[in-house]
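See below for work-v4.csv, which holds CSV, C-alpha atoms.
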chain,number,residue,atom,x,y,z
A,284,MET,CA,-20.7,0.7,-16.7
A,285,ASN,CA,-22.6,-0.7,-13.7
A,286,ALA,CA,-21.7,-2.4,-10.4
A,287,GLU,CA,-21.4,-5.8,-12.2
A,288,VAL,CA,-17.7,-4.9,-12.9
A,289,ILE,CA,-17.1,-5.1,-9.1
A,290,TYR,CA,-19.0,-8.5,-8.7
A,291,LYS,CA,-16.9,-10.0,-11.4
A,292,PHE,CA,-13.8,-9.7,-9.2
A,293,PHE,CA,-15.5,-9.8,-5.8
A,294,PRO,CA,-18.2,-12.4,-6.2
A,295,VAL,CA,-18.5,-13.3,-2.5
A,296,LEU,CA,-20.4,-10.3,-1.2
A,297,SER,CA,-23.5,-10.2,0.9
A,298,ALA,CA,-26.7,-8.7,-0.3
A,299,GLY,CA,-26.1,-5.8,2.0
A,300,GLN,CA,-22.7,-5.1,0.6
A,301,ARG,CA,-24.0,-5.3,-3.0
A,302,GLN,CA,-26.8,-2.8,-2.0
A,303,GLN,CA,-24.3,-0.4,-0.6
A,304,ILE,CA,-22.1,-0.6,-3.7
A,305,GLU,CA,-25.1,0.0,-6.0
A,306,MET,CA,-26.1,3.0,-4.0
A,307,LEU,CA,-22.8,4.7,-4.6
A,308,ALA,CA,-23.2,5.8,-8.2
A,309,PRO,CA,-26.4,7.8,-7.8
A,310,LEU,CA,-25.1,9.4,-4.5
A,311,TYR,CA,-21.9,10.5,-6.0
A,312,LYS,CA,-23.7,11.7,-9.2
A,313,ASP,CA,-25.9,13.9,-7.0
A,314,TRP,CA,-23.1,15.2,-4.8
A,315,ASN,CA,-20.9,15.9,-7.9
A,316,SER,CA,-23.6,18.2,-9.3
A,317,LYS,CA,-23.1,20.4,-6.2
A,318,ILE,CA,-19.5,19.8,-5.3
A,319,ASN,CA,-16.9,18.6,-7.8
A,320,VAL,CA,-15.5,15.6,-5.9
A,321,ILE,CA,-14.7,13.3,-8.8
A,322,SER,CA,-13.7,14.1,-12.4
A,323,ARG,CA,-16.9,14.7,-14.4
A,324,LYS,CA,-15.5,12.8,-17.4
A,325,ASP,CA,-15.3,9.7,-15.1
A,326,THR,CA,-19.0,9.7,-14.3
A,327,ASP,CA,-19.9,7.0,-16.9
A,328,CYS,CA,-17.0,4.9,-15.6
A,329,PHE,CA,-17.5,5.5,-11.9
A,330,TYR,CA,-17.4,1.8,-10.8
A,331,LEU,CA,-14.3,1.1,-12.9
A,332,HIS,CA,-12.3,4.3,-12.3
A,333,HIS,CA,-13.2,4.8,-8.6
A,334,VAL,CA,-14.7,1.7,-6.9
A,335,LEU,CA,-12.7,-1.0,-8.6
A,336,HIS,CA,-9.5,1.0,-8.5
A,337,SER,CA,-10.0,1.4,-4.8
A,338,ALA,CA,-10.7,-2.3,-4.4
A,339,ALA,CA,-7.3,-3.1,-5.9
A,340,ILE,CA,-6.0,-2.6,-2.3
A,341,ALA,CA,-8.3,-5.4,-1.2
A,342,ARG,CA,-7.0,-7.7,-3.9
A,343,PHE,CA,-3.4,-6.9,-2.8
A,344,ILE,CA,-4.3,-7.7,0.9
A,345,ALA,CA,-6.0,-11.0,0.0
A,346,GLU,CA,-3.1,-12.1,-2.2
A,347,PHE,CA,0.0,-10.9,-0.3
A,348,LEU,CA,-1.0,-10.2,3.2
A,349,PRO,CA,-3.1,-13.2,4.3
A,350,ASP,CA,-2.6,-12.7,8.0
A,351,LEU,CA,-3.9,-9.1,7.7
A,352,GLN,CA,-6.8,-10.3,5.5
A,353,ALA,CA,-7.8,-12.7,8.2
A,354,ARG,CA,-7.7,-10.0,10.9
A,355,MET,CA,-9.6,-7.5,8.7
A,356,THR,CA,-12.4,-9.9,8.2
A,357,ASN,CA,-12.5,-10.9,11.9
A,358,PRO,CA,-15.1,-8.9,13.9
A,359,GLU,CA,-13.0,-9.5,17.1
A,360,ALA,CA,-9.7,-8.1,15.7
A,361,GLY,CA,-10.5,-4.4,15.7
A,362,ILE,CA,-8.3,-3.5,12.8
A,363,SER,CA,-8.0,0.3,12.2
A,364,VAL,CA,-7.3,1.9,8.8
A,365,MET,CA,-6.7,5.6,8.0
A,366,ASP,CA,-7.4,6.9,4.5
A,367,VAL,CA,-5.2,9.9,4.0
A,368,GLY,CA,-6.4,12.5,1.5
A,369,CYS,CA,-9.6,10.6,0.9
A,370,GLY,CA,-11.3,13.3,-1.2
A,371,GLY,CA,-14.9,12.3,-1.6
A,372,GLY,CA,-14.1,8.9,0.0
A,373,PHE,CA,-11.7,6.9,-2.1
A,374,PRO,CA,-10.3,4.4,-1.5
A,375,GLY,CA,-11.8,4.4,2.0
A,376,ILE,CA,-15.5,4.0,1.3
A,377,PRO,CA,-15.2,1.0,-1.1
A,378,LEU,CA,-12.7,-0.6,1.3
A,379,ALA,CA,-15.1,-0.1,4.2
A,380,ILE,CA,-17.8,-1.8,2.3
A,381,LEU,CA,-15.5,-4.8,1.6
A,382,TYR,CA,-14.2,-4.9,5.2
A,383,PRO,CA,-17.2,-4.2,7.4
A,384,HIS,CA,-15.4,-5.6,10.5
A,385,SER,CA,-12.5,-3.1,10.2
A,386,ARG,CA,-12.7,0.6,11.3
A,387,PHE,CA,-11.9,3.3,8.9
A,388,LEU,CA,-10.9,6.9,9.5
A,389,LEU,CA,-11.2,9.1,6.4
A,390,VAL,CA,-9.0,12.2,6.6
A,391,ASP,CA,-8.8,15.2,4.2
A,392,SER,CA,-7.7,18.8,4.6
A,393,ILE,CA,-10.6,20.0,2.3
A,394,GLY,CA,-13.8,20.4,4.4
A,395,LYS,CA,-16.3,20.1,1.5
A,396,LYS,CA,-14.8,16.8,0.4
A,397,ILE,CA,-15.0,15.4,3.9
A,398,LYS,CA,-18.6,16.5,4.0
A,399,VAL,CA,-19.4,14.4,0.9
A,400,ALA,CA,-17.5,11.3,2.3
A,401,GLN,CA,-19.4,11.5,5.6
A,402,ALA,CA,-22.8,12.0,3.8
A,403,VAL,CA,-22.2,9.0,1.5
A,404,ALA,CA,-21.1,6.8,4.4
A,405,ASP,CA,-24.2,7.8,6.4
A,406,SER,CA,-26.5,7.3,3.4
A,407,ILE,CA,-25.4,3.7,2.8
A,408,GLY,CA,-25.2,2.8,6.5
A,409,LEU,CA,-21.4,2.4,6.8
A,410,ASN,CA,-21.2,2.3,10.5
A,411,ASN,CA,-17.5,1.5,10.4
A,412,VAL,CA,-16.5,4.9,8.9
A,413,THR,CA,-15.7,8.1,10.6
A,414,THR,CA,-14.3,11.2,8.9
A,415,LEU,CA,-12.0,14.0,10.0
A,416,HIS,CA,-11.3,17.4,8.5
A,417,SER,CA,-7.6,17.6,9.2
A,418,ARG,CA,-4.1,17.1,7.8
A,419,ALA,CA,-2.6,13.6,8.3
A,420,GLU,CA,0.3,15.0,10.3
A,421,GLU,CA,-2.1,16.4,12.9
A,422,VAL,CA,-4.0,13.1,13.5
A,423,ASP,CA,-3.3,11.5,16.8
A,424,GLY,CA,-3.1,7.8,17.4
A,425,LYS,CA,-1.7,4.8,15.6
A,426,PHE,CA,-3.4,2.6,12.9
A,427,ASP,CA,-2.8,-0.9,11.7
A,428,LEU,CA,-2.9,0.3,8.1
A,429,ILE,CA,-2.6,3.5,6.1
A,430,VAL,CA,-4.2,3.7,2.6
A,431,SER,CA,-4.3,6.5,0.0
A,432,ARG,CA,-4.7,7.2,-3.6
A,433,ALA,CA,-2.0,9.3,-5.2
A,434,VAL,CA,-2.3,12.4,-3.1
A,435,THR,CA,1.4,13.4,-3.5
A,436,SER,CA,4.8,11.8,-4.1
A,437,LEU,CA,5.9,9.0,-1.8
A,438,SER,CA,8.8,11.1,-0.4
A,439,ASN,CA,6.3,13.6,0.7
A,440,PHE,CA,3.6,11.2,1.8
A,441,ILE,CA,5.6,8.8,4.0
A,442,PRO,CA,6.8,11.5,6.5
A,443,TRP,CA,3.2,12.6,6.9
A,444,VAL,CA,2.3,9.2,8.4
A,445,LYS,CA,5.6,8.3,10.0
A,446,ASP,CA,5.0,6.4,13.3
A,447,LYS,CA,1.2,6.3,12.7
A,448,PHE,CA,1.0,2.6,11.5
A,449,SER,CA,2.0,-0.9,12.5
A,450,GLU,CA,1.4,-3.0,9.4
A,451,GLY,CA,2.3,-0.6,6.5
A,452,ILE,CA,1.0,1.7,3.8
A,453,LEU,CA,-1.0,0.7,0.7
A,454,TYR,CA,-0.7,3.4,-1.9
A,455,LEU,CA,-2.4,3.6,-5.3
A,456,LYS,CA,-0.2,5.3,-7.9
A,457,GLY,CA,0.3,5.4,-11.6
A,458,GLY,CA,3.1,5.7,-14.1
A,459,ASN,CA,6.8,4.7,-14.0
A,460,LEU,CA,7.6,4.9,-10.3
A,461,GLU,CA,11.3,3.9,-10.3
A,462,GLU,CA,12.6,7.4,-9.8
A,463,GLU,CA,9.9,8.2,-7.2
A,464,ILE,CA,10.6,5.1,-5.3
A,465,ALA,CA,14.4,5.7,-5.3
A,466,GLU,CA,13.8,9.3,-4.0
A,467,ALA,CA,11.5,8.0,-1.3
A,468,MET,CA,14.0,5.3,-0.2
A,469,LYS,CA,16.8,7.9,0.0
A,470,LYS,CA,14.8,10.6,1.8
A,471,CYS,CA,12.9,8.3,4.1
A,472,LYS,CA,15.8,5.9,4.7
A,473,LEU,CA,14.0,2.8,3.5
A,474,ARG,CA,15.6,-0.5,2.4
A,475,PRO,CA,14.6,-2.1,-1.0
A,476,SER,CA,12.8,-4.9,0.9
A,477,GLN,CA,10.5,-2.3,2.5
A,478,ILE,CA,8.8,-1.2,-0.8
A,479,PHE,CA,6.9,-3.6,-3.1
A,480,GLN,CA,4.9,-2.7,-6.2
A,481,LYS,CA,2.2,-4.7,-7.9
A,482,ASP,CA,0.7,-4.0,-11.4
A,483,ILE,CA,-3.1,-3.7,-11.1
A,484,THR,CA,-3.4,-5.1,-14.6
A,485,ASP,CA,-2.4,-8.5,-13.2
A,486,TRP,CA,-5.9,-8.5,-11.7
A,487,PHE,CA,-8.0,-6.1,-13.8
A,488,SER,CA,-7.2,-6.1,-17.5
A,489,ASP,CA,-9.1,-3.0,-18.5
A,490,GLU,CA,-6.9,-0.4,-20.4
A,491,TYR,CA,-7.6,2.1,-17.7
A,492,PHE,CA,-5.4,0.2,-15.3
A,493,GLN,CA,-2.3,0.3,-17.5
A,494,GLU,CA,0.7,1.6,-15.5
A,495,LYS,CA,-1.5,1.8,-12.3
A,496,LYS,CA,0.0,0.0,-9.3
A,497,VAL,CA,-0.5,-0.8,-5.7
A,498,LEU,CA,2.6,0.1,-3.6
A,499,PHE,CA,3.1,-1.5,-0.2
A,500,ILE,CA,5.5,0.2,2.1
A,501,LYS,CA,6.3,-1.9,5.2

Output the file's structure in the form of structure tokens.
Amino acid sequence: MNAEVIYKFFPVLSAGQRQQIEMLAPLYKDWNSKINVISRKDTDCFYLHHVLHSAAIARFIAEFLPDLQARMTNPEAGISVMDVGCGGGFPGIPLAILYPHSRFLLVDSIGKKIKVAQAVADSIGLNNVTTLHSRAEEVDGKFDLIVSRAVTSLSNFIPWVKDKFSEGILYLKGGNLEEEIAEAMKKCKLRPSQIFQKDITDWFSDEYFQEKKVLFIK
């Protein structure tokens, strides 16, 4: 499966953005032969399982957070995003391609994965990405948005980034999340109105996205 699966849902991309997206697969294939940063069984479905899955966050922002979408596409706004537990660069690198006017900090506690994320960003000319070998709890500063892809349970994750964001958290997670959400609400003292979940299959119908969701924590 090639990059066309991305263009189907994100047709308004510049030639430069398309070039960056098309460079991803061979770069990750090469790095994966040296350092296992993505599941080897996913190699043939790279754009679907990794790039489009990451891009579900962009679909959520465009549909449900129009003010944030406007700011993230405004070169004068200076929006900052931290990707926590980015691994080899997901969802941060696809989002940085889609939002070239926003600044992304990709953070992971595993040095070899951060090495891959930085190398990929450099290779495709992503000037809006920096990386940091660190734990989220140790990162200084505040960000407009936190993003992540299923690094741990919500009740563990939310305390890691407490007081580090102004807009919210966008978290990719799969399965039945009712118990996990209830636990997070209790442990982190959240109101029901502060957590919203959206089925990714409402946008992307492929079977891979069954039970996968975007969670927004205000």

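Here atom CA of A:Ile483 stands at a distance of 22.2 Å from atom CA of A:Met468.
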
Note to self: What's around stretch 484-489 of chain A at 12 Å? Count all atoms listed in the file, leave out sequence neighbours fewer than 2 positions away in its own chain, and write the answer as a PyMOL selection string.
What the structure shows: chain A and resi 288-289+291-293+328+331-332+335-343+345-346+457+480-482+491-497

Measuring atom to atom with all atoms listed in the file, identify which of A:Ile478, A:Leu428, A:Val390, A:Leu307 is nearest to A:Ser449.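 Ranking A:Ile478, A:Leu428, A:Val390, A:Leu307 by distance to A:Ser449, first place goes to A:Leu428.
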
Here atom CA of A:Ile441 and atom CA of A:Pro349 stand apart by 23.7 Å

Counting all atoms listed in the file, which residues of stretch 310-342 of chain A sit at most 12 Å from some atom of stretch 404-427 of chain A, and what is each one's closest atom pair with its distance in Å to one decimal, listed by chain and rising residue number, as a tab-separated table?
residue	atom	partner	partner_atom	distance
A:Leu310	CA	A:Ser406	CA	8.3
A:Tyr311	CA	A:Ser406	CA	10.9
A:Trp314	CA	A:Ser406	CA	11.9
